[in-house]
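J.: Data file model18.tsv (TSV, C-alpha atoms) is appended below.
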chain	number	residue	atom	x	y	z
A	189	MET	CA	28.10	-0.20	15.73
A	190	LYS	CA	25.65	-1.41	18.37
A	191	GLN	CA	22.85	0.61	16.77
A	192	ILE	CA	23.53	-0.91	13.36
A	193	GLN	CA	23.51	-4.42	14.80
A	194	VAL	CA	20.25	-3.82	16.64
A	195	LYS	CA	18.66	-2.59	13.44
A	196	LYS	CA	19.86	-5.66	11.57
A	197	ASN	CA	18.49	-7.95	14.26
A	198	ILE	CA	15.13	-6.18	14.22
A	199	LEU	CA	14.84	-6.43	10.44
A	200	LYS	CA	15.94	-10.09	10.43
A	201	SER	CA	13.27	-10.94	13.00
A	202	ASN	CA	10.68	-9.01	11.00
A	203	ASP	CA	11.65	-10.75	7.75
A	204	ASP	CA	11.43	-14.20	9.34
A	205	LEU	CA	7.92	-13.54	10.64
A	206	ALA	CA	6.93	-11.93	7.33
A	207	ASP	CA	7.97	-15.13	5.54
A	208	LYS	CA	5.76	-17.12	7.91
A	209	ASN	CA	2.83	-14.79	7.27
A	210	ARG	CA	3.49	-14.98	3.54
A	211	GLY	CA	3.22	-18.75	3.69
A	212	ILE	CA	-0.17	-18.52	5.40
A	213	LEU	CA	-1.47	-15.97	2.89
A	214	GLY	CA	-0.07	-17.97	0.00
A	215	GLN	CA	-1.81	-21.16	1.12
A	216	LYS	CA	-5.10	-19.29	1.16
A	217	GLY	CA	-4.48	-17.71	-2.24
A	218	ILE	CA	-4.78	-14.19	-0.81
A	219	PHE	CA	-3.25	-11.39	-2.86
A	220	THR	CA	-1.84	-8.74	-0.53
A	221	ILE	CA	-0.95	-5.08	-1.06
A	222	ASN	CA	1.08	-2.81	1.22
A	223	LEU	CA	-0.41	0.66	0.66
A	224	LEU	CA	2.08	3.41	1.44
A	225	GLY	CA	2.38	7.18	1.28
A	226	SER	CA	2.87	10.30	3.31
A	227	PRO	CA	0.15	11.85	5.52
A	228	GLY	CA	-2.34	13.69	3.32
A	229	ALA	CA	-1.42	11.86	0.11
A	230	GLY	CA	-4.92	10.39	0.03
A	231	LYS	CA	-4.23	6.72	0.80
A	232	THR	CA	-7.57	6.14	2.48
A	233	SER	CA	-9.47	7.96	-0.28
A	234	VAL	CA	-7.70	5.85	-2.90
A	235	LEU	CA	-8.57	2.75	-0.91
A	236	GLU	CA	-12.22	3.77	-0.72
A	237	GLN	CA	-12.38	4.15	-4.49
A	238	MET	CA	-10.77	0.74	-5.01
A	239	ILE	CA	-13.22	-0.90	-2.62
A	240	ARG	CA	-16.26	0.66	-4.31
A	241	ILE	CA	-15.21	-0.85	-7.64
A	242	MET	CA	-13.68	-4.15	-6.56
A	243	LYS	CA	-15.77	-5.42	-3.65
A	244	TRP	CA	-18.40	-6.71	-6.08
A	245	GLN	CA	-15.80	-8.86	-7.86
A	246	THR	CA	-13.48	-9.95	-5.04
A	247	ALA	CA	-13.77	-10.77	-1.34
A	248	MET	CA	-11.71	-8.02	0.30
A	249	ALA	CA	-10.44	-7.11	3.75
A	250	VAL	CA	-8.32	-4.27	5.12
A	251	ILE	CA	-5.74	-3.99	7.88
A	252	GLU	CA	-5.70	-0.32	8.82
A	253	GLY	CA	-2.55	1.11	10.42
A	254	ASP	CA	-2.63	4.35	12.41
A	255	LEU	CA	-0.68	5.95	15.20
A	256	TYR	CA	-3.56	6.39	17.63
A	257	THR	CA	-6.99	6.92	16.03
A	258	THR	CA	-9.62	4.71	14.35
A	259	LYS	CA	-10.90	7.39	11.95
A	260	ASP	CA	-9.63	5.74	8.75
A	261	ALA	CA	-10.82	2.30	9.83
A	262	GLU	CA	-14.30	3.71	10.44
A	263	ARG	CA	-14.32	5.09	6.89
A	264	ILE	CA	-13.36	1.68	5.48
A	265	GLU	CA	-15.83	-0.20	7.66
A	266	ALA	CA	-18.58	1.97	6.21
A	267	GLN	CA	-17.80	0.35	2.84
A	268	GLY	CA	-19.08	-2.95	4.19
A	269	ILE	CA	-15.92	-5.04	4.21
A	270	PRO	CA	-13.94	-6.55	7.13
A	271	VAL	CA	-11.38	-4.18	8.64
A	272	ILE	CA	-8.90	-4.66	11.48
A	273	GLN	CA	-7.50	-1.55	13.17
A	274	VAL	CA	-3.86	-1.65	14.26
A	275	ASN	CA	-2.73	1.27	16.41
A	276	THR	CA	1.04	1.51	16.66
A	277	GLY	CA	1.07	3.76	19.72
A	278	GLY	CA	3.36	6.24	18.02
A	279	ALA	CA	5.53	3.87	15.96
A	280	CYS	CA	6.05	5.21	12.44
A	281	HIS	CA	5.30	1.96	10.60
A	282	LEU	CA	3.57	-1.40	10.74
A	283	ASP	CA	5.65	-4.55	11.14
A	284	ALA	CA	5.20	-8.27	10.54
A	285	ALA	CA	4.27	-8.98	14.18
A	286	MET	CA	1.37	-6.52	13.96
A	287	ILE	CA	0.20	-8.15	10.72
A	288	SER	CA	0.47	-11.62	12.25
A	289	GLU	CA	-1.80	-10.59	15.10
A	290	ALA	CA	-4.28	-8.90	12.77
A	291	LEU	CA	-4.52	-12.02	10.59
A	292	GLU	CA	-5.75	-13.98	13.60
A	293	HIS	CA	-8.86	-11.79	13.64
A	294	LEU	CA	-9.74	-12.27	9.96
A	295	ASP	CA	-11.55	-15.20	8.34
A	296	LEU	CA	-8.88	-15.98	5.77
A	297	GLU	CA	-11.07	-18.58	4.09
A	298	GLN	CA	-13.38	-15.75	3.00
A	299	ILE	CA	-10.72	-13.34	1.65
A	300	ARG	CA	-8.99	-13.16	-1.72
A	301	PHE	CA	-7.66	-9.60	-1.58
A	302	LEU	CA	-6.02	-8.03	1.49
A	303	ILE	CA	-4.95	-4.39	1.61
A	304	ILE	CA	-2.68	-3.20	4.40
A	305	GLU	CA	-2.84	0.58	4.74
A	306	ASN	CA	0.44	1.50	6.38
A	307	VAL	CA	1.15	4.47	8.64
A	308	GLY	CA	1.64	7.73	6.73
A	309	ASN	CA	5.40	7.99	6.26
A	310	LEU	CA	7.83	7.92	3.32
A	311	VAL	CA	10.83	6.68	5.32
A	312	CYS	CA	10.42	3.90	7.91
A	313	PRO	CA	7.78	1.71	6.20
A	314	ALA	CA	10.08	1.16	3.22
A	315	SER	CA	12.32	-1.13	5.29
A	316	TYR	CA	9.66	-3.48	6.66
A	317	ASP	CA	8.37	-6.51	4.78
A	318	LEU	CA	4.67	-7.06	5.54
A	319	SER	CA	4.30	-10.22	3.41
A	320	GLU	CA	2.86	-8.19	0.55
A	321	ASP	CA	2.74	-9.32	-3.06
A	322	LEU	CA	2.80	-5.71	-4.19
A	323	ARG	CA	3.86	-2.37	-2.73
A	324	MET	CA	1.74	0.55	-3.86
A	325	THR	CA	2.79	4.10	-2.99
A	326	VAL	CA	0.46	7.08	-3.24
A	327	LEU	CA	1.94	10.47	-4.15
A	328	SER	CA	-0.37	13.47	-4.37
A	329	ILE	CA	0.01	16.37	-6.76
A	330	THR	CA	-0.02	18.76	-3.79
A	331	GLU	CA	3.15	17.17	-2.36
A	332	GLY	CA	5.30	18.18	-5.34
A	333	ASN	CA	7.14	16.03	-7.86
A	334	ASP	CA	10.44	16.11	-5.94
A	335	LYS	CA	9.48	13.40	-3.42
A	336	PRO	CA	10.92	10.38	-5.30
A	337	LEU	CA	14.43	11.86	-5.26
A	338	LYS	CA	14.07	13.00	-1.64
A	339	TYR	CA	12.85	9.59	-0.46
A	340	PRO	CA	14.37	7.19	-3.01
A	341	SER	CA	14.14	4.00	-0.96
A	342	MET	CA	10.36	4.10	-0.85
A	343	PHE	CA	10.06	4.51	-4.60
A	344	GLN	CA	12.81	2.03	-5.43
A	345	ARG	CA	11.03	-0.65	-3.41
A	346	SER	CA	7.50	-0.01	-4.67
A	347	ASP	CA	5.82	-1.77	-7.59
A	348	ILE	CA	3.08	0.76	-8.30
A	349	LEU	CA	2.96	4.53	-8.01
A	350	ILE	CA	-0.44	6.17	-7.67
A	351	VAL	CA	-0.29	9.85	-8.62
A	352	ASN	CA	-3.32	11.18	-6.79
A	353	LYS	CA	-5.30	14.44	-6.99
A	354	MET	CA	-4.73	14.85	-10.72
A	355	ASP	CA	-7.71	17.20	-10.81
A	356	LEU	CA	-5.55	19.79	-8.98
A	357	ILE	CA	-2.51	19.70	-11.24
A	358	GLN	CA	-3.53	22.84	-13.13
A	359	PHE	CA	-3.28	24.82	-9.89
A	360	THR	CA	0.28	23.69	-9.10
A	361	ASN	CA	3.74	23.65	-10.64
A	362	PHE	CA	3.86	19.85	-10.47
A	363	SER	CA	5.82	18.48	-13.46
A	364	MET	CA	4.65	15.09	-14.70
A	365	GLU	CA	7.58	15.02	-17.12
A	366	GLU	CA	10.11	15.39	-14.29
A	367	LEU	CA	8.26	12.83	-12.19
A	368	TYR	CA	8.39	10.21	-14.94
A	369	GLN	CA	12.07	10.91	-15.53
A	370	ASP	CA	12.90	10.58	-11.84
A	371	ILE	CA	10.87	7.40	-11.42
A	372	LYS	CA	12.49	5.82	-14.46
A	373	ALA	CA	15.93	6.61	-13.02
A	374	LEU	CA	15.01	5.08	-9.65
A	375	ASN	CA	12.80	2.18	-10.66
A	376	GLU	CA	12.26	1.58	-14.35
A	377	ASN	CA	9.83	-1.29	-13.66
A	378	MET	CA	7.42	0.77	-11.57
A	379	LYS	CA	3.92	1.01	-13.02
A	380	ILE	CA	2.29	4.45	-12.72
A	381	PHE	CA	-1.43	5.25	-12.53
A	382	GLU	CA	-2.71	8.82	-12.61
A	383	VAL	CA	-5.92	9.12	-10.56
A	384	SER	CA	-8.35	11.53	-8.97
A	385	CYS	CA	-10.58	10.51	-6.08
A	386	THR	CA	-12.77	13.53	-6.87
A	387	THR	CA	-13.49	12.69	-10.51
A	388	GLY	CA	-12.79	8.95	-10.49
A	389	GLN	CA	-10.10	9.32	-13.15
A	390	GLY	CA	-7.84	6.30	-13.55
A	391	PHE	CA	-9.47	3.92	-11.08
A	392	GLN	CA	-11.01	1.56	-13.62
A	393	ASN	CA	-7.57	0.93	-15.13
A	394	LEU	CA	-5.97	0.50	-11.72
A	395	CYS	CA	-8.62	-1.93	-10.50
A	396	HIS	CA	-8.52	-3.95	-13.72
A	397	TYR	CA	-4.76	-4.32	-13.32
A	398	LEU	CA	-5.10	-5.44	-9.69
A	399	GLN	CA	-7.92	-7.85	-10.51
A	400	GLN	CA	-5.66	-9.63	-12.98
A	401	LYS	CA	-3.04	-10.01	-10.25
A	402	ILE	CA	-5.62	-11.39	-7.82
A	403	VAL	CA	-6.87	-13.95	-10.32
A	404	CYS	CA	-3.31	-15.04	-11.05
A	405	LYS	CA	-2.57	-15.54	-7.34
A	406	GLY	CA	-5.77	-17.52	-6.85
A	407	GLY	CA	-4.92	-19.68	-9.86
A	408	LYS	CA	-1.53	-20.55	-8.37
A	409	LYS	CA	-3.28	-21.64	-5.20
A	410	ASP	CA	-5.65	-23.94	-7.11
A	411	ALA	CA	-2.90	-25.38	-9.31
Any chance you could give the structure as structure tokens?
T.:
Amino acid sequence: MKQIQVKKNILKSNDDLADKNRGILGQKGIFTINLLGSPGAGKTSVLEQMIRIMKWQTAMAVIEGDLYTTKDAERIEAQGIPVIQVNTGGACHLDAAMISEALEHLDLEQIRFLIIENVGNLVCPASYDLSEDLRMTVLSITEGNDKPLKYPSMFQRSDILIVNKMDLIQFTNFSMEELYQDIKALNENMKIFEVSCTTGQGFQNLCHYLQQKIVCKGGKKDA
């Protein structure tokens, strides 16, 4: 019972701070995504493709979560947009306190689109609100189509599913039909985009969808 209570207290504290962060981001009209997925799913590669297309239309910034290294942040920085590295020191997820600190190092007046790349994990990050407007989970073809049923909380709480590495599907036994059935059973409102970072497949549609969301958020700010 003590462990359950501690967990509740931790999540309550996180949610309270996330609400505070959300208020700050909302005042600035910043549309925020929590980018999730397991290690090797291709989150950073997906992010790179999004940046290449969208940075010419929208002022972007990234908060990059990692256990110990700065390798992914260095890749994003090379794209020419602001990036803040958050090392968790072994923790399996980002939390609202880490985001609050990272926001202090960004010029929020110059940002309209913020992407938080979470630590690679399909379990812990699902429970932590990071003040996002949208949760986007990346699932790669090479992981298999059974992941949504194995890790239902992540997929039930996400708004977008990115099916990555579509160029490899012919070399696997990945079943798109089963995936769509499982996702519909878990989260019938989830929007699915099939992409390939190698060929560029699907990214124009994804970025167009996100751009509409960004414009809508900015319009609410101006209203």
J.: If you measure from CA of Ile198 in chain A to CA of Leu296 in chain A, what distance in Å do you get, rounded to one decimal?
T.: 27.3 Å
J.: I'd like the contact shell of range 279-291 of chain A - 6 Å cut-off, only C-alpha atoms, skipping same-chain residues fewer than 3 positions apart - returned as a list in words.
T.: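 Here the qualifying residues turn out to be Asn202, Leu205, Ala206, Thr276, Leu294, Val307, Pro313 and Leu318 of chain A.
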J.: Find the residues near range 263-266 of chain A: any atom within 8 Å, counting all atoms listed in the file, skip ones fewer than 6 places away on the same chain, and give them as a ChimeraX atom specification.
T.: /A:232,236,250
J.: List the spatial neighbours of Ser226 in chain A as a CSV table (one decimal) with C-alpha atoms, keeping the file's coordinate frame - criterion: any atom at most 7 Å away, only C-alpha atoms, same-chain residues fewer than 4 positions off excluded.
T.:
chain,number,residue,atom,x,y,z
A,308,GLY,CA,1.6,7.7,6.7
A,309,ASN,CA,5.4,8.0,6.3
A,310,LEU,CA,7.8,7.9,3.3
J.: Smallest atom-to-atom distance to Lys231 in chain A: which of A:Lys405, A:Lys353, A:Arg300, A:Lys372, using all atoms listed in the file?
T.: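 The shortest atom-to-atom distance to Lys231 in chain A comes from A:Lys353.
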J.: Taking 4 positions as the minimum chain separation for residues in the same chain, which residues sit within 10 Å of Lys335 in chain A when counting only C-alpha atoms? Answer as a list in words.
T.: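 Counting only the stated atoms, we get Ser226, Leu310, Leu327, Ser328, Glu331, Tyr339, Pro340, Met342, Phe343, Leu367 and Asp370 of chain A.
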J.: So that I can check the surroundings of range 211-225 of chain A, please list as a short mmCIF file (atom, residue, chain, number, x, y, z; two decimals) with C-alpha atoms, in the frame of the given file every protein, DNA and RNA residue that reaches within 6 Å of it, counting all atoms listed in the file and ignoring chain neighbours fewer than 5 positions away.
T.:
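Result file out05.cif:
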data_model
loop_
_atom_site.label_atom_id
_atom_site.label_comp_id
_atom_site.auth_asym_id
_atom_site.auth_seq_id
_atom_site.Cartn_x
_atom_site.Cartn_y
_atom_site.Cartn_z
CA ARG A 300 -8.99 -13.16 -1.72
CA PHE A 301 -7.66 -9.60 -1.58
CA LEU A 302 -6.02 -8.03 1.49
CA ILE A 303 -4.95 -4.39 1.61
CA ILE A 304 -2.68 -3.20 4.40
CA GLU A 305 -2.84 0.58 4.74
CA ASN A 306 0.44 1.50 6.38
CA GLY A 308 1.64 7.73 6.73
CA ASN A 309 5.40 7.99 6.26
CA LEU A 310 7.83 7.92 3.32
CA GLU A 320 2.86 -8.19 0.55
CA ASP A 321 2.74 -9.32 -3.06
CA LEU A 322 2.80 -5.71 -4.19
CA ARG A 323 3.86 -2.37 -2.73
CA MET A 324 1.74 0.55 -3.86
CA THR A 325 2.79 4.10 -2.99
CA VAL A 326 0.46 7.08 -3.24
CA ILE A 402 -5.62 -11.39 -7.82
CA LYS A 405 -2.57 -15.54 -7.34
CA GLY A 406 -5.77 -17.52 -6.85
CA LYS A 409 -3.28 -21.64 -5.20
#
